[in-house]
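K.L.:
Mind looking over this structure? Questions follow.
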Amino acid sequence: MRKDGVPDHDRYSEDESDNRVGARITAIVHQQDRPGVAVLIGNLSRYGVKVESNLQVEIGEVIKLSIEGLGDFEGVVRWSGENQFGVHSFDTIDLNLIPRPKLLRK
């Protein structure tokens, strides 16, 4: 583990662009030895997500996310605030797989 809390095997580079995509996607957070909890994903990037939930997490905690339409990811909690927290994924997230809303026709 590096001194900034990112695991050594993490592929993220601070020099790479990490554009965020706004989203409202349901997901399940799996913490060690606890049942999964439904949450909302507020935004995503190739390297992580913002989770909207009152779930109690610890910075540095490794969790698993099952994100609707995107699959399962493991990552580390990087920050936590009021009813939200950020997870840095150990794998790159393919933003092209984000479910798109269906267009309604008249």
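Following the order of the structure tokens, chains are lettered A, B, ..., residues in each are numbered from 1, and ligands are numbered from 1.
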Neighbouring residues of A:Asp94 were defined as those with any atom within 12 Å, considering only C-alpha atoms; residues of the same chain fewer than 3 positions away were excluded. Please report them as number ranges by chain.

P.N.:
A: 21, 44-48, 67, 69-73, 89, 91, 97-99

K.L.:
Near A:Gln84, counting only C-alpha atoms, which residues have an atom at most 10 Å away, once you skip same-chain residues fewer than 3 positions from it, shown as JSON, numbers by chain?

P.N.:
{"A": [39, 40, 41, 42, 50, 51, 52, 53, 54, 55, 56, 57, 79, 80, 81]}

K.L.:
Okay, now the selection with N, CA and C atoms, as a compact mmCIF listing (two decimals), in the first residue's frame?

P.N.:
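Saved as selection-v4.txt:
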```txt
# COMPACT_ATOMS: atom_id res chain seq x y z
N VAL A 39 -27.75 0.83 -2.53
CA VAL A 39 -27.31 2.23 -2.54
C VAL A 39 -27.57 2.82 -3.91
N LEU A 40 -27.34 4.12 -4.05
CA LEU A 40 -27.39 4.79 -5.35
C LEU A 40 -25.99 5.25 -5.71
N ILE A 41 -25.65 5.13 -6.98
CA ILE A 41 -24.40 5.67 -7.49
C ILE A 41 -24.71 7.06 -8.02
N GLY A 42 -24.01 8.08 -7.50
CA GLY A 42 -24.26 9.45 -7.90
C GLY A 42 -23.51 9.86 -9.14
N LYS A 50 -19.05 7.66 -6.82
CA LYS A 50 -19.56 8.32 -5.62
C LYS A 50 -20.82 7.56 -5.24
N VAL A 51 -20.85 7.07 -4.01
CA VAL A 51 -21.99 6.31 -3.50
C VAL A 51 -22.82 7.22 -2.61
N GLU A 52 -24.14 7.22 -2.85
CA GLU A 52 -25.04 8.01 -2.01
C GLU A 52 -25.77 7.05 -1.09
N SER A 53 -25.46 7.13 0.21
CA SER A 53 -26.02 6.22 1.20
C SER A 53 -25.63 6.69 2.59
N ASN A 54 -26.42 6.29 3.58
CA ASN A 54 -26.04 6.58 4.96
C ASN A 54 -25.29 5.41 5.58
N LEU A 55 -24.82 4.50 4.75
CA LEU A 55 -24.03 3.35 5.18
C LEU A 55 -22.75 3.82 5.85
N GLN A 56 -22.40 3.20 6.97
CA GLN A 56 -21.17 3.55 7.68
C GLN A 56 -19.99 2.80 7.06
N VAL A 57 -19.01 3.54 6.56
CA VAL A 57 -17.80 2.96 5.97
C VAL A 57 -16.59 3.65 6.58
N TRP A 79 -12.88 8.47 0.54
CA TRP A 79 -13.37 9.60 1.32
C TRP A 79 -14.79 9.28 1.77
N SER A 80 -15.21 9.96 2.81
CA SER A 80 -16.56 9.77 3.34
C SER A 80 -17.07 11.11 3.84
N GLY A 81 -18.33 11.40 3.51
CA GLY A 81 -18.95 12.65 3.95
C GLY A 81 -20.39 12.38 4.33
```

K.L.:
In Å, rounded to a single decimal, give me how far atom CA of A:Leu95 is from atom CA of A:Gln31.

P.N.:
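For atom CA of A:Gln31 relative to atom CA of A:Leu95, the distance reads 23.9 Å.
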
K.L.:
Would you please work out which residue, of A:Asn19, A:Thr92, A:Gln32, A:Thr26, is nearest to A:Lys64 when using only C-alpha atoms?

P.N.:
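With only C-alpha atoms as the atom set, the closest residue is A:Gln32.
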
K.L.:
For A:Val37, work out the shell of residues within 8 Å, counting only C-alpha atoms and skipping chain neighbours fewer than 3 positions away, then give it as a short mmCIF file (atom, residue, chain, number, x, y, z; two decimals) with N, CA, C and O atoms, in the first residue's frame.

P.N.:
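What ended up in part_18.cif:
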```
data_model
loop_
_atom_site.label_atom_id
_atom_site.label_comp_id
_atom_site.auth_asym_id
_atom_site.auth_seq_id
_atom_site.Cartn_x
_atom_site.Cartn_y
_atom_site.Cartn_z
N ILE A 28 -25.37 -2.50 -5.12
CA ILE A 28 -25.32 -3.17 -3.82
C ILE A 28 -23.89 -3.07 -3.31
O ILE A 28 -22.94 -3.38 -4.04
N VAL A 29 -23.73 -2.62 -2.06
CA VAL A 29 -22.42 -2.57 -1.42
C VAL A 29 -22.30 -3.80 -0.53
O VAL A 29 -23.18 -4.07 0.29
N HIS A 30 -21.21 -4.52 -0.71
CA HIS A 30 -20.92 -5.70 0.11
C HIS A 30 -19.70 -5.38 0.98
O HIS A 30 -18.62 -5.14 0.45
#
```

K.L.:
One decimal, Å: what's the distance from atom CA of A:Ala27 over to atom CA of A:Ser66, could you say?

P.N.:
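Interatomic distance, atom CA of A:Ala27 to atom CA of A:Ser66: 5.4 Å.
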
K.L.:
Could you work out how far atom CA of A:Glu61 lies from atom CA of A:Gly36, giving the answer in Å with one decimal?

P.N.:
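Between atom CA of A:Gly36 and atom CA of A:Glu61 the gap is 15.1 Å.
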
K.L.:
Measuring atom to atom with only C-alpha atoms, identify which of A:Ile25, A:Ile59, A:Arg34, A:Arg20 is nearest to A:Phe85.

P.N.:
A:Ile59

K.L.:
Which is closest to A:Pro35 among A:Val87, A:Ile93, A:Ile63, A:Val77, if we use only C-alpha atoms?

P.N.:
A:Ile63
